[in-house]
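A short worksheet on the structure shown next.
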2 protein chains.
Amino acid sequence: MVNLTSGQWGTLYNVFSFGLISMLACTVYTLVSQSRVLPKYRNALVLSSMVTFIAAYHYYRIFNSFAESSQDGGVMIGTSQGAFNEAYRYVDWILTVPLLLVEVIAVLALAKAAASSLISRLVPASAAMIALGYPGEIATDNGTKILWGVLSTLPFLYILYVLFVELGKSLERQPEGVAATVGRLRLLLIATWGVYPISYLLPIIQETTAENAASSFVGRQIGYTIADVLAKCVFGLTIYKIAKLKSAAEGMKEDH
Amino acid sequence: MVNLTSGQWGTLYNVFSFGLISMLACTVYTLVSQSRVLPKYRNALVLSSMVTFIAAYHYYRIFNSFAESSQDGGVMIGTSQGAFNEAYRYVDWILTVPLLLVEVIAVLALAKAAASSLISRLVPASAAMIALGYPGEIATDNGTKILWGVLSTLPFLYILYVLFVELGKSLERQPEGVAATVGRLRLLLIATWGVYPISYLLPIIQETTAENAASSFVGRQIGYTIADVLAKCVFGLTIYKIAKLKSAAEGMKEDH
């Protein structure tokens with residue numbers, strides 16, 4: 001049980017609602033904008049819609065779970081029935097993070113063999129990264145949290161290697177303007193993914209008093225939500241921008 | 001807690017329902033009308049759909065929140081669980097107001113550099129305007145309300161400057177009839193945005209008796225809702241009209 005002030009409670013409630021509608025609006029936007037890019041880039045857009053759709057579902061669940069597990073500012077945490085279900089985030093990530101990486105590969109429209117090779121390495125690594133983080137998230141002692149945090153970091157470093165070293169080679173063949181945007185996309189991914197470990201580490205960094213427990217819970221939830229909106233919505237809109245740039249470079253009329 | 005008469009309570013309940021269905025109908029209308037304008041104006045229409053979609057979500061939440069926080073005409077206000085959640089409006093505005101401004105730029109189909117320059121100034125200014133208003137909205141003393149109200153007015157004045165001075169220059173290059181409609185659009189924007197500060201100031205202007213608290217609460221909610229319908233639905237339909245005028249001026253057949 002963490003005890004939130006009414007201001008903290010209201011802030012989280014609205015942050016979750018903000019996450020939900022951002023994901024939902026982004027889903028509709030990318031779905032209805034498909035015809036504005038060349039057909040070969042539409043799969044990347046659909047993947048982005050699926051990522052935000054899955055996230056919208058989970059924010060709807062998180063929003064309800066938060067309200068239902070709260071009474072007079074006290075939020076029940078843990079894994080028992082009626083508690084705030086943090087695991088929704090991990091179920092979300094284990095689906096959306098591999099999809100996000102496939103989305104990046106899809107928008108680059110690489111040769112089939114190169115794309116398959118990248119996907120077959122990024123998808124298992126990203127699934128392992130999420131799966132290894134969960135035991136640490138629900139652990140109550142810092143030793144266990146740090147152990148799983150470190151294990152989860154290993155596939156994360158491998159993903160960085162693939163994105164920066166392996167993927168970097170293919171960027172040289174992208175049209176002008178696209179390489180720069182993909183570079184920014186990669187930075188956005190790193191910057192937003194950096195928020196997750198910080199949110200994860202908040203309960204370890206802060207002293208464990210009752211007041212700190214509340215502010216670290218609030219900080220972690222806000223951190224995760226902002227990172228999710230950046231990594232899924234803003235990321236998806238950047239994918240859409242890249243797809244439009246590439247479509248224009250390949251002769252699609254602006255007016256089409 | 002504000003105590004409403006049964007007439008006041010019923011009025012608000014129906015005003016919120018009116019807001020919800022106006023936003024929803026407008027979303028569907030702009031979504032299905034895309035093919036009636038040239039492709040380059042469709043993004044403006046989709047942005048309008050997103051604005052009313054996000055607003056429809058929030059009116060759904062506001063409607064439910066109002067019913068759930070009420071008992072025998074007494075409405076619980078504040079930020080604690082079960083209170084009427086005024087913050088839905090601010091979450092809505094921080095998403096929709098920047099989108100509305102991008103929508104105006106999109107329908108003008110300016111040169112890329114000019115559009116980027118306007119967007120990069122209007123979006124942060126509008127986000128700042130909303131973010132600075134919220135602390136005043138939830139403040140209970142007039143001094144704090146006025147302070148944040150004044151701070152929020154500064155980016156608002158900057159937006160007016162950009163819309164009237166900077167944007168004015170580009171209107172000369174718009175086809176006949178369009179310049180006049182864009183002028184009306186700008187006036188609509190100013191007129192409706194003028195309702196928000198009046199609604200915001202209602203609790204300050206009126207004396208703080210229990211009866212006045214109720215009528216100022218009701219007046220503020222009705223004011224915000226009417227302003228929202230004008231600034232989002234009527235505004236979106238005006239955007240659609242401009243897009244049709246411009247499409248016709250550029251050779252799209254009326255019957256197409």
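Residue numbering restarts at 1 for every chain of the structure tokens, chains are lettered A, B, ... in their displayed order, and ligands are numbered from 1 as they appear.
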Expected answer as a count of residues only: chain A residues within 9 Å of chain B, only C-alpha atoms: 30
Distance query Gly149 in chain A at most 10 Å, only C-alpha atoms, self and fewer than 2 positions along chain excluded, as a PyMOL selection string: chain A and resi 129+132-137+143-147+151-154+197+200-201
Written selection (all heavy atoms) as a short mmCIF file (atom, residue, chain, number, x, y, z; two decimals), in the first residue's frame:
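The resulting file, again-v1.cif, is reproduced below:
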data_model
loop_
_atom_site.label_atom_id
_atom_site.label_comp_id
_atom_site.auth_asym_id
_atom_site.auth_seq_id
_atom_site.Cartn_x
_atom_site.Cartn_y
_atom_site.Cartn_z
N MET A 129 14.81 -8.61 -23.19
CA MET A 129 15.03 -7.42 -22.38
C MET A 129 13.83 -7.15 -21.46
O MET A 129 13.99 -6.87 -20.27
CB MET A 129 15.26 -6.22 -23.31
CG MET A 129 15.36 -4.89 -22.61
SD MET A 129 15.75 -3.56 -23.79
CE MET A 129 14.15 -3.27 -24.55
N LEU A 132 13.25 -10.12 -18.80
CA LEU A 132 14.22 -10.12 -17.70
C LEU A 132 14.00 -8.94 -16.75
O LEU A 132 14.44 -8.98 -15.60
CB LEU A 132 15.65 -10.07 -18.25
CG LEU A 132 16.12 -11.35 -18.98
CD1 LEU A 132 17.43 -11.10 -19.72
CD2 LEU A 132 16.27 -12.51 -18.00
N GLY A 133 13.29 -7.90 -17.22
CA GLY A 133 13.04 -6.75 -16.33
C GLY A 133 11.94 -7.01 -15.32
O GLY A 133 11.97 -6.50 -14.20
N TYR A 134 10.97 -7.84 -15.69
CA TYR A 134 9.78 -8.01 -14.84
C TYR A 134 10.06 -8.56 -13.45
O TYR A 134 9.55 -8.00 -12.47
CB TYR A 134 8.72 -8.84 -15.57
CG TYR A 134 7.45 -8.96 -14.78
CD1 TYR A 134 6.70 -7.81 -14.48
CD2 TYR A 134 7.01 -10.19 -14.31
CE1 TYR A 134 5.55 -7.91 -13.73
CE2 TYR A 134 5.85 -10.27 -13.55
CZ TYR A 134 5.12 -9.14 -13.26
OH TYR A 134 3.98 -9.23 -12.51
N PRO A 135 10.88 -9.64 -13.31
CA PRO A 135 11.14 -10.13 -11.95
C PRO A 135 11.74 -9.05 -11.05
O PRO A 135 11.46 -9.03 -9.84
CB PRO A 135 12.14 -11.28 -12.17
CG PRO A 135 11.97 -11.68 -13.59
CD PRO A 135 11.58 -10.43 -14.33
N GLY A 136 12.51 -8.14 -11.62
CA GLY A 136 13.08 -7.05 -10.84
C GLY A 136 12.03 -6.02 -10.46
O GLY A 136 12.06 -5.46 -9.37
N GLU A 137 11.08 -5.76 -11.37
CA GLU A 137 10.03 -4.77 -11.11
C GLU A 137 9.18 -5.18 -9.90
O GLU A 137 8.84 -4.33 -9.08
CB GLU A 137 9.14 -4.62 -12.36
CG GLU A 137 7.96 -3.70 -12.21
CD GLU A 137 8.32 -2.22 -12.38
OE1 GLU A 137 9.16 -1.93 -13.26
OE2 GLU A 137 7.78 -1.39 -11.65
N GLY A 143 18.61 -6.03 -3.96
CA GLY A 143 19.55 -6.97 -4.57
C GLY A 143 18.93 -7.65 -5.78
O GLY A 143 19.52 -7.69 -6.87
N THR A 144 17.71 -8.15 -5.60
CA THR A 144 17.02 -8.83 -6.70
C THR A 144 16.72 -7.85 -7.83
O THR A 144 16.88 -8.18 -9.01
CB THR A 144 15.69 -9.45 -6.18
OG1 THR A 144 15.95 -10.08 -4.94
CG2 THR A 144 15.11 -10.43 -7.17
N LYS A 145 16.30 -6.63 -7.47
CA LYS A 145 16.01 -5.61 -8.48
C LYS A 145 17.24 -5.35 -9.34
O LYS A 145 17.17 -5.28 -10.57
CB LYS A 145 15.61 -4.28 -7.81
CG LYS A 145 14.11 -4.14 -7.56
CD LYS A 145 13.81 -2.74 -7.04
CE LYS A 145 12.43 -2.67 -6.41
NZ LYS A 145 11.33 -2.93 -7.34
N ILE A 146 18.39 -5.19 -8.69
CA ILE A 146 19.62 -4.86 -9.42
C ILE A 146 20.04 -6.04 -10.30
O ILE A 146 20.41 -5.86 -11.47
CB ILE A 146 20.74 -4.44 -8.44
CG1 ILE A 146 20.37 -3.09 -7.81
CG2 ILE A 146 22.09 -4.37 -9.14
CD1 ILE A 146 21.23 -2.68 -6.64
N LEU A 147 19.95 -7.28 -9.75
CA LEU A 147 20.33 -8.47 -10.52
C LEU A 147 19.57 -8.54 -11.85
O LEU A 147 20.17 -8.64 -12.93
CB LEU A 147 20.06 -9.73 -9.69
CG LEU A 147 20.22 -11.05 -10.46
CD1 LEU A 147 21.69 -11.30 -10.81
CD2 LEU A 147 19.63 -12.23 -9.69
N LEU A 151 20.72 -8.05 -15.84
CA LEU A 151 20.45 -9.07 -16.86
C LEU A 151 19.67 -8.48 -18.04
O LEU A 151 19.95 -8.79 -19.20
CB LEU A 151 19.66 -10.24 -16.24
CG LEU A 151 20.45 -11.14 -15.29
CD1 LEU A 151 19.55 -12.21 -14.68
CD2 LEU A 151 21.63 -11.80 -16.02
N SER A 152 18.72 -7.59 -17.71
CA SER A 152 17.88 -6.98 -18.74
C SER A 152 18.67 -6.00 -19.61
O SER A 152 18.33 -5.74 -20.77
CB SER A 152 16.71 -6.27 -18.05
OG SER A 152 16.00 -5.49 -18.95
N THR A 153 19.74 -5.46 -19.02
CA THR A 153 20.56 -4.49 -19.75
C THR A 153 21.39 -5.15 -20.85
O THR A 153 21.72 -4.50 -21.86
CB THR A 153 21.49 -3.74 -18.76
OG1 THR A 153 20.68 -3.17 -17.73
CG2 THR A 153 22.26 -2.62 -19.44
N LEU A 154 21.70 -6.44 -20.66
CA LEU A 154 22.55 -7.12 -21.65
C LEU A 154 21.89 -7.15 -23.04
O LEU A 154 22.50 -6.70 -24.02
CB LEU A 154 22.92 -8.53 -21.18
CG LEU A 154 23.73 -8.57 -19.86
CD1 LEU A 154 24.00 -10.01 -19.43
CD2 LEU A 154 25.04 -7.80 -20.03
N PRO A 197 14.85 2.64 -17.64
CA PRO A 197 15.72 2.22 -16.53
C PRO A 197 15.74 3.22 -15.38
O PRO A 197 15.83 2.83 -14.22
CB PRO A 197 17.11 2.09 -17.17
CG PRO A 197 16.99 2.58 -18.55
CD PRO A 197 15.56 2.62 -18.91
N TYR A 200 12.69 2.57 -13.46
CA TYR A 200 12.90 1.28 -12.81
C TYR A 200 13.76 1.43 -11.56
O TYR A 200 13.52 0.81 -10.53
CB TYR A 200 13.56 0.35 -13.82
CG TYR A 200 13.92 -1.05 -13.35
CD1 TYR A 200 13.01 -2.10 -13.49
CD2 TYR A 200 15.16 -1.31 -12.81
CE1 TYR A 200 13.34 -3.37 -13.09
CE2 TYR A 200 15.50 -2.59 -12.39
CZ TYR A 200 14.59 -3.62 -12.53
OH TYR A 200 14.92 -4.88 -12.14
N LEU A 201 14.78 2.30 -11.67
CA LEU A 201 15.74 2.45 -10.57
C LEU A 201 15.25 3.38 -9.46
O LEU A 201 15.81 3.38 -8.37
CB LEU A 201 17.08 2.97 -11.11
CG LEU A 201 17.91 1.98 -11.94
CD1 LEU A 201 19.10 2.67 -12.58
CD2 LEU A 201 18.39 0.82 -11.07
#
Near-Thr181 in chain A list (8 Å; only C-alpha atoms; drop same-chain fewer than 4 positions) as a VMD selection string: chain A and resid 177 185 238 242
Residues flagged strand (DSSP E) by DSSP in range 7-236 of chain B, as JSON, numbers by chain: {"B": [70, 71, 74, 75]}
Deliver the residues from the most recent selection as a file, using N, CA and C atoms, as a PDB file, in the first residue's frame.
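Below is the file that was written, result.pdb:
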ATOM      1  N   SER B  70     -21.433  13.350  -8.043  1.00  0.00           N
ATOM      2  CA  SER B  70     -22.619  14.056  -7.555  1.00  0.00           C
ATOM      3  C   SER B  70     -23.474  13.166  -6.670  1.00  0.00           C
ATOM      4  N   GLN B  71     -24.055  13.792  -5.660  1.00  0.00           N
ATOM      5  CA  GLN B  71     -25.074  13.115  -4.875  1.00  0.00           C
ATOM      6  C   GLN B  71     -26.075  14.147  -4.383  1.00  0.00           C
ATOM      7  N   GLY B  74     -25.253  17.730  -4.817  1.00  0.00           N
ATOM      8  CA  GLY B  74     -23.950  18.181  -4.311  1.00  0.00           C
ATOM      9  C   GLY B  74     -22.849  17.580  -5.172  1.00  0.00           C
ATOM     10  N   VAL B  75     -21.999  18.434  -5.740  1.00  0.00           N
ATOM     11  CA  VAL B  75     -20.910  17.943  -6.576  1.00  0.00           C
ATOM     12  C   VAL B  75     -19.605  18.114  -5.816  1.00  0.00           C
TER      13      VAL B  75
END
